[in-house]
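Next comes input-v7.txt, a file with compact mmCIF, C-alpha atoms.
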```
# COMPACT_ATOMS: atom_id res chain seq x y z
CA MET A 1 12.72 -6.75 15.95
CA PHE A 2 10.61 -3.79 14.85
CA TRP A 3 12.33 -1.52 17.35
CA PHE A 4 15.74 -2.62 16.05
CA LEU A 5 14.80 -2.03 12.42
CA ALA A 6 13.05 1.26 13.23
CA ALA A 7 16.18 2.54 14.96
CA ILE A 8 17.99 2.12 11.64
CA VAL A 9 15.34 2.86 9.03
CA VAL A 10 13.45 5.81 10.53
CA PRO A 11 16.48 8.14 10.94
CA VAL A 12 17.73 7.30 7.44
CA VAL A 13 14.34 7.90 5.80
CA SER A 14 13.88 11.09 7.86
CA LEU A 15 17.18 12.36 6.48
CA ILE A 16 16.05 11.74 2.92
CA ALA A 17 12.39 12.75 3.20
CA LYS A 18 10.55 15.33 5.26
CA ILE A 19 7.33 13.42 5.86
CA ARG A 20 4.22 15.34 6.89
CA ILE A 21 1.25 13.21 7.98
CA SER A 22 -2.32 14.47 8.15
CA GLY A 23 -5.86 13.14 8.18
CA GLU A 24 -7.27 10.40 10.36
CA LYS A 25 -5.48 8.65 13.22
CA LEU A 26 -4.88 4.94 13.62
CA GLN A 27 -6.45 3.13 16.53
CA PRO A 28 -3.74 2.04 19.02
CA HIS A 29 -5.05 -1.53 19.06
CA GLY A 30 -6.90 -3.91 16.78
CA ALA A 31 -6.49 -5.25 13.28
CA TYR A 32 -6.92 -3.18 10.12
CA VAL A 33 -6.02 -3.00 6.43
CA ILE A 34 -4.28 0.11 5.05
CA ALA A 35 -4.37 0.55 1.28
CA PRO A 36 -2.01 3.20 -0.18
CA ASN A 37 -1.32 4.36 -3.73
CA HIS A 38 1.88 3.09 -5.36
CA TYR A 39 3.96 5.08 -7.85
CA SER A 40 7.61 4.82 -6.73
CA GLU A 41 9.82 1.93 -5.65
CA ALA A 42 10.80 4.12 -2.69
CA ASP A 43 7.30 4.73 -1.41
CA PRO A 44 7.08 1.58 0.78
CA LEU A 45 9.73 3.21 2.99
CA ILE A 46 7.59 6.35 3.21
CA VAL A 47 4.48 4.35 4.06
CA ALA A 48 6.33 2.22 6.62
CA VAL A 49 7.72 5.24 8.46
CA ALA A 50 4.35 7.00 8.35
CA VAL A 51 2.55 4.00 9.87
CA TRP A 52 5.30 3.67 12.50
CA ARG A 53 4.86 7.34 13.43
CA LEU A 54 1.12 6.75 13.67
CA GLY A 55 1.88 4.27 16.43
CA ARG A 56 1.58 0.88 14.73
CA PRO A 57 4.19 -1.57 13.39
CA PRO A 58 4.17 -1.50 9.56
CA ARG A 59 3.47 -4.94 8.12
CA PHE A 60 3.08 -5.46 4.39
CA MET A 61 1.60 -8.11 2.17
CA ALA A 62 4.73 -9.31 0.36
CA LYS A 63 5.30 -11.61 -2.61
CA GLU A 64 5.62 -15.22 -1.49
CA SER A 65 8.91 -15.60 -3.38
CA LEU A 66 10.61 -12.98 -1.20
CA PHE A 67 10.26 -15.23 1.82
CA ALA A 68 12.67 -17.70 0.21
CA VAL A 69 15.45 -15.11 -0.13
CA PRO A 70 18.22 -15.62 2.47
CA VAL A 71 18.24 -13.02 5.27
CA LEU A 72 15.39 -11.05 3.67
CA GLY A 73 13.01 -13.98 4.12
CA TRP A 74 14.03 -14.30 7.75
CA ALA A 75 13.48 -10.57 8.34
CA LEU A 76 10.05 -10.76 6.70
CA ARG A 77 9.01 -13.69 8.86
CA VAL A 78 10.21 -12.35 12.21
CA THR A 79 8.52 -9.00 11.61
CA GLY A 80 5.20 -10.66 10.76
CA MET A 81 4.97 -9.72 7.09
CA VAL A 82 2.20 -11.54 5.23
CA PRO A 83 3.04 -13.71 2.18
CA VAL A 84 0.79 -13.53 -0.85
CA ALA A 85 0.75 -16.09 -3.66
CA ARG A 86 0.61 -15.02 -7.30
CA SER A 87 0.61 -18.57 -8.67
CA SER A 88 -3.15 -19.03 -8.74
CA SER A 89 -6.32 -17.33 -7.56
CA SER A 90 -7.23 -20.29 -5.31
CA ALA A 91 -3.81 -20.27 -3.60
CA SER A 92 -4.03 -16.52 -3.11
CA ALA A 93 -7.56 -16.79 -1.67
CA LYS A 94 -6.46 -19.47 0.82
CA GLN A 95 -3.49 -17.38 1.92
CA THR A 96 -5.72 -14.33 2.30
CA LEU A 97 -8.07 -16.28 4.56
CA ARG A 98 -5.16 -17.52 6.72
CA ALA A 99 -3.71 -14.02 6.85
CA SER A 100 -7.03 -12.51 7.94
CA GLU A 101 -7.35 -15.04 10.75
CA THR A 102 -3.81 -14.25 11.93
CA LEU A 103 -4.43 -10.49 11.87
CA VAL A 104 -7.55 -10.83 13.98
CA GLU A 105 -5.94 -13.28 16.40
CA HIS A 106 -2.99 -10.98 17.10
CA GLY A 107 -4.70 -7.63 16.59
CA ARG A 108 -2.29 -6.68 13.81
CA GLY A 109 -2.58 -4.31 10.92
CA VAL A 110 -1.35 -4.90 7.39
CA ILE A 111 -0.49 -2.66 4.44
CA VAL A 112 -1.73 -3.85 1.06
CA TYR A 113 -1.08 -2.11 -2.25
CA PRO A 114 -4.40 -2.58 -4.07
CA GLU A 115 -2.85 -1.83 -7.47
CA GLY A 116 -0.47 -4.76 -7.03
CA THR A 117 2.44 -2.91 -8.66
CA LEU A 118 3.52 0.62 -9.54
CA THR A 119 0.73 2.45 -11.33
CA ARG A 120 0.94 2.41 -15.10
CA ASP A 121 -0.95 5.72 -15.35
CA PRO A 122 1.33 8.19 -17.20
CA ASP A 123 0.60 10.92 -14.65
CA MET A 124 0.91 8.55 -11.68
CA TRP A 125 -2.74 8.57 -10.67
CA PRO A 126 -4.01 5.33 -9.11
CA MET A 127 -4.86 2.77 -11.78
CA ARG A 128 -7.39 -0.05 -11.67
CA GLY A 129 -7.18 -1.92 -8.38
CA LYS A 130 -7.08 -5.60 -7.56
CA SER A 131 -9.25 -7.30 -4.93
CA GLY A 132 -6.60 -8.38 -2.39
CA ALA A 133 -7.07 -5.52 0.07
CA VAL A 134 -10.86 -5.61 0.07
CA ARG A 135 -10.97 -9.40 0.23
CA LEU A 136 -8.77 -9.31 3.32
CA ALA A 137 -10.93 -6.65 4.95
CA LEU A 138 -14.17 -8.48 4.14
CA GLU A 139 -12.90 -11.93 5.17
CA ALA A 140 -11.98 -10.74 8.66
CA ASP A 141 -14.44 -7.84 9.06
CA LEU A 142 -11.59 -5.34 9.31
CA PRO A 143 -11.61 -1.57 8.73
CA LEU A 144 -10.35 -0.76 5.23
CA ILE A 145 -8.33 2.44 5.47
CA PRO A 146 -7.31 4.39 2.33
CA MET A 147 -3.99 6.23 2.29
CA ALA A 148 -2.46 8.58 -0.27
CA HIS A 149 1.04 10.04 -0.41
CA TRP A 150 2.87 12.30 -2.82
CA GLY A 151 6.47 13.39 -3.18
CA ALA A 152 8.42 10.12 -3.25
CA GLN A 153 8.86 10.46 -7.02
CA ALA A 154 11.40 13.23 -6.31
CA ILE A 155 13.45 10.72 -4.31
CA MET A 156 13.08 7.83 -6.72
CA PRO A 157 11.21 8.28 -10.00
CA ARG A 158 9.05 5.42 -11.16
CA TYR A 159 11.48 2.71 -12.33
CA GLY A 160 14.25 5.31 -12.05
CA LYS A 161 17.39 5.66 -9.98
CA PHE A 162 17.55 6.71 -6.35
CA ARG A 163 18.32 10.42 -5.82
CA LEU A 164 20.07 11.17 -2.55
CA TRP A 165 20.43 14.90 -3.02
CA PRO A 166 18.93 17.27 -1.98
CA LEU A 167 18.09 15.92 1.45
CA ARG A 168 14.78 16.25 3.27
CA ARG A 169 12.56 16.49 0.23
CA PRO A 170 8.91 17.01 1.23
CA VAL A 171 6.54 14.05 1.13
CA ARG A 172 2.93 14.39 2.24
CA VAL A 173 0.87 11.49 3.60
CA LEU A 174 -2.89 11.66 4.02
CA LEU A 175 -4.84 8.98 5.88
CA GLY A 176 -8.54 8.72 5.16
CA ALA A 177 -11.53 7.44 7.11
CA PRO A 178 -12.36 3.74 6.64
CA VAL A 179 -14.11 2.99 3.36
CA ASP A 180 -17.81 2.25 3.84
CA ILE A 181 -18.22 -1.38 2.83
CA ASP A 182 -20.54 -2.40 5.67
CA ASP A 183 -23.35 -3.23 3.24
CA LEU A 184 -21.03 -5.76 1.55
CA ARG A 185 -19.94 -7.60 4.67
CA GLY A 186 -21.26 -11.06 5.46
CA LYS A 187 -22.11 -11.80 1.82
CA PRO A 188 -20.54 -14.30 -0.60
CA LEU A 189 -17.38 -12.83 -2.11
CA THR A 190 -18.49 -12.85 -5.70
CA ASN A 191 -16.57 -11.03 -8.43
CA THR A 192 -19.32 -8.42 -8.59
CA LEU A 193 -19.11 -7.72 -4.87
CA LEU A 194 -15.30 -7.60 -4.85
CA ASN A 195 -15.28 -5.27 -7.86
CA GLU A 196 -17.73 -2.94 -6.14
CA ALA A 197 -15.65 -2.85 -2.93
CA THR A 198 -12.44 -2.32 -4.91
CA THR A 199 -14.00 0.55 -6.85
CA ARG A 200 -15.02 2.25 -3.60
CA LEU A 201 -11.49 1.82 -2.23
CA MET A 202 -9.78 3.18 -5.35
CA ASN A 203 -12.19 6.12 -5.43
CA ALA A 204 -11.28 6.93 -1.82
CA ILE A 205 -7.53 6.72 -2.48
CA THR A 206 -7.85 8.87 -5.59
CA ALA A 207 -9.86 11.51 -3.72
CA LEU A 208 -7.14 11.73 -1.07
CA LEU A 209 -4.45 12.07 -3.73
CA GLU A 210 -6.44 14.84 -5.43
CA GLN A 211 -6.24 16.77 -2.16
CA LEU A 212 -2.49 16.28 -1.90
CA ARG A 213 -1.82 17.22 -5.52
CA ASP A 214 -4.52 19.89 -5.70
CA GLU A 215 -5.48 18.45 -9.07
CA GLN A 216 -8.36 16.55 -10.60
CA ALA A 217 -7.75 12.90 -11.46
CA PRO A 218 -8.85 11.57 -14.86
CA VAL A 219 -12.50 10.57 -15.01
CA GLU A 220 -11.59 7.11 -16.31
CA ARG A 221 -9.10 5.12 -14.24
CA TRP A 222 -6.12 3.66 -16.12
CA ASN A 223 -6.60 0.03 -17.12
CA PRO A 224 -3.32 -1.68 -18.13
CA SER A 225 -5.01 -4.38 -20.20
CA VAL A 226 -6.72 -1.78 -22.40
CA HIS A 227 -3.31 -0.30 -23.18
CA GLY A 228 -1.61 -3.62 -23.85
CA GLN A 229 0.40 -3.57 -20.61
CA ASN A 230 1.17 -6.38 -18.18
CA GLU A 231 -0.78 -6.25 -14.95
CA THR A 232 2.27 -6.91 -12.79
CA GLY A 233 6.04 -6.66 -12.99
CA ARG A 234 8.38 -3.97 -14.18
CA LEU A 235 7.24 -1.65 -16.94
CA ASP A 236 9.82 0.06 -19.12
CA PRO A 237 9.50 3.84 -18.74
```
Could you render the structure from this file as structure tokens?
Amino acid sequence: MFWFLAAIVVPVVSLIAKIRISGEKLQPHGAYVIAPNHYSEADPLIVAVAVWRLGRPPRFMAKESLFAVPVLGWALRVTGMVPVARSSSSASAKQTLRASETLVEHGRGVIVYPEGTLTRDPDMWPMRGKSGAVRLALEADLPLIPMAHWGAQAIMPRYGKFRLWPLRRPVRVLLGAPVDIDDLRGKPLTNTLLNEATTRLMNAITALLEQLRDEQAPVERWNPSVHGQNETGRLDP
């Protein structure tokens, strides 16, 4: 199924975006968690093609509700996408545990957006992260790999309309070394521990994005709740 979808998606995305990948390489086998920044509704296509070109099938953590959509739900299931519940923290934690066991059993990787939605930061720097990616990595003792990309906003601005022209707009993708969370493994997943792991992850993603943008990120990471914004869902521009 991945080969069929890749035969359609990769040429189309390659026509729209000129993707240049640098940084670390993915291991050809074994489970992992990739955590990218998120600032455009088009960037999952960029991330998916980048991971495919790195030699691994791109599987995402996707909202549980999407699996109930006709055709789309079928495609998500047959390609091994991982459902995530937003109804309650306990339901989400149980799903994360099941997902981690499945990843290890089949040696699969998964892509998790740690911000949970498009960044609310006005300048599109990574905002405060959520614990889903690090929880998954800690539950199953998986490498937690930060990724940053930049350029997709020229194809589709945040909450904007898709721009087809001009073609082959440059998008850079940078894959980092696994985040060092070894000292946190094998311990109870308390809020303090998860917050510490998430901070390390978001710091790593931000550092990669600073390289791509050749800019310095704000010292204080954007926190939606401080600015009276919803943590998830669409945000009016």
**Asked** Pick the closest to Leu26 (chain A) from A:Arg120, A:Arg56, A:His149, A:His106: which is it, counting only C-alpha atoms?
**Response**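 Of A:Arg120, A:Arg56, A:His149, A:His106, the one nearest Leu26 (chain A), counting only C-alpha atoms, is A:Arg56.
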**Request:** Name all residues at most 9 Å from Phe2 (chain A) (count only C-alpha atoms; drop same-chain ones fewer than 5 positions away) and give them as number ranges by chain.
**Result:** A: 7, 57-58, 78-79
**Message:** At a cut-off of 10 Å, using only C-alpha atoms, what residues contact region 132-136 of chain A? Leave out same-chain residues fewer than 6 positions from it and give the result as a PyMOL selection string.
**Reply:** chain A and resi 32-35+61+84+92-93+95-101+103+110-116+142-145+179+181+189+193-201
**Item:** Two-atom distance - CA of Val10 (chain A), CA of Ala62 (chain A) (Å)
**Value:**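 These atoms are spaced 20.2 Å apart.
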**Message:** Report, in Å with one decimal, the straight-line distance from CA of Gly176 (chain A) to CA of Pro36 (chain A).
**Reply:**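 Spanning CA of Gly176 (chain A) to CA of Pro36 (chain A) is a straight-line distance of 10.1 Å.
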**Request:** Determine the nearest neighbour of Arg53 (chain A) from the options A:Leu235, A:Ala137, A:Ala6, A:Leu209, counting all atoms listed in the file.
**Result:**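 Looking at the shortest contact to Arg53 (chain A), the residue is A:Ala6.
We find CA of Lys63 (chain A) and CA of Val82 (chain A) to be spaced 8.4 Å apart.
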**Polymer residues at most 8 Å from region 211-218 of chain A, all atoms listed in the file, same-chain spacing of 4 or more positions, as a list in words** =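 In the requested format, the answer is Trp125, Ala148, His149, Trp150, Arg172, Leu174, Thr206 and Ala207 of chain A.
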**Request:** Pick out the closest residue to Gln229 (chain A) from this set: A:Asp121, A:Asp43, A:Glu105, A:Asp182. Count only C-alpha atoms.
**Result:**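 Checking each of A:Asp121, A:Asp43, A:Glu105, A:Asp182 against Gln229 (chain A), counting only C-alpha atoms, the winner is A:Asp121.
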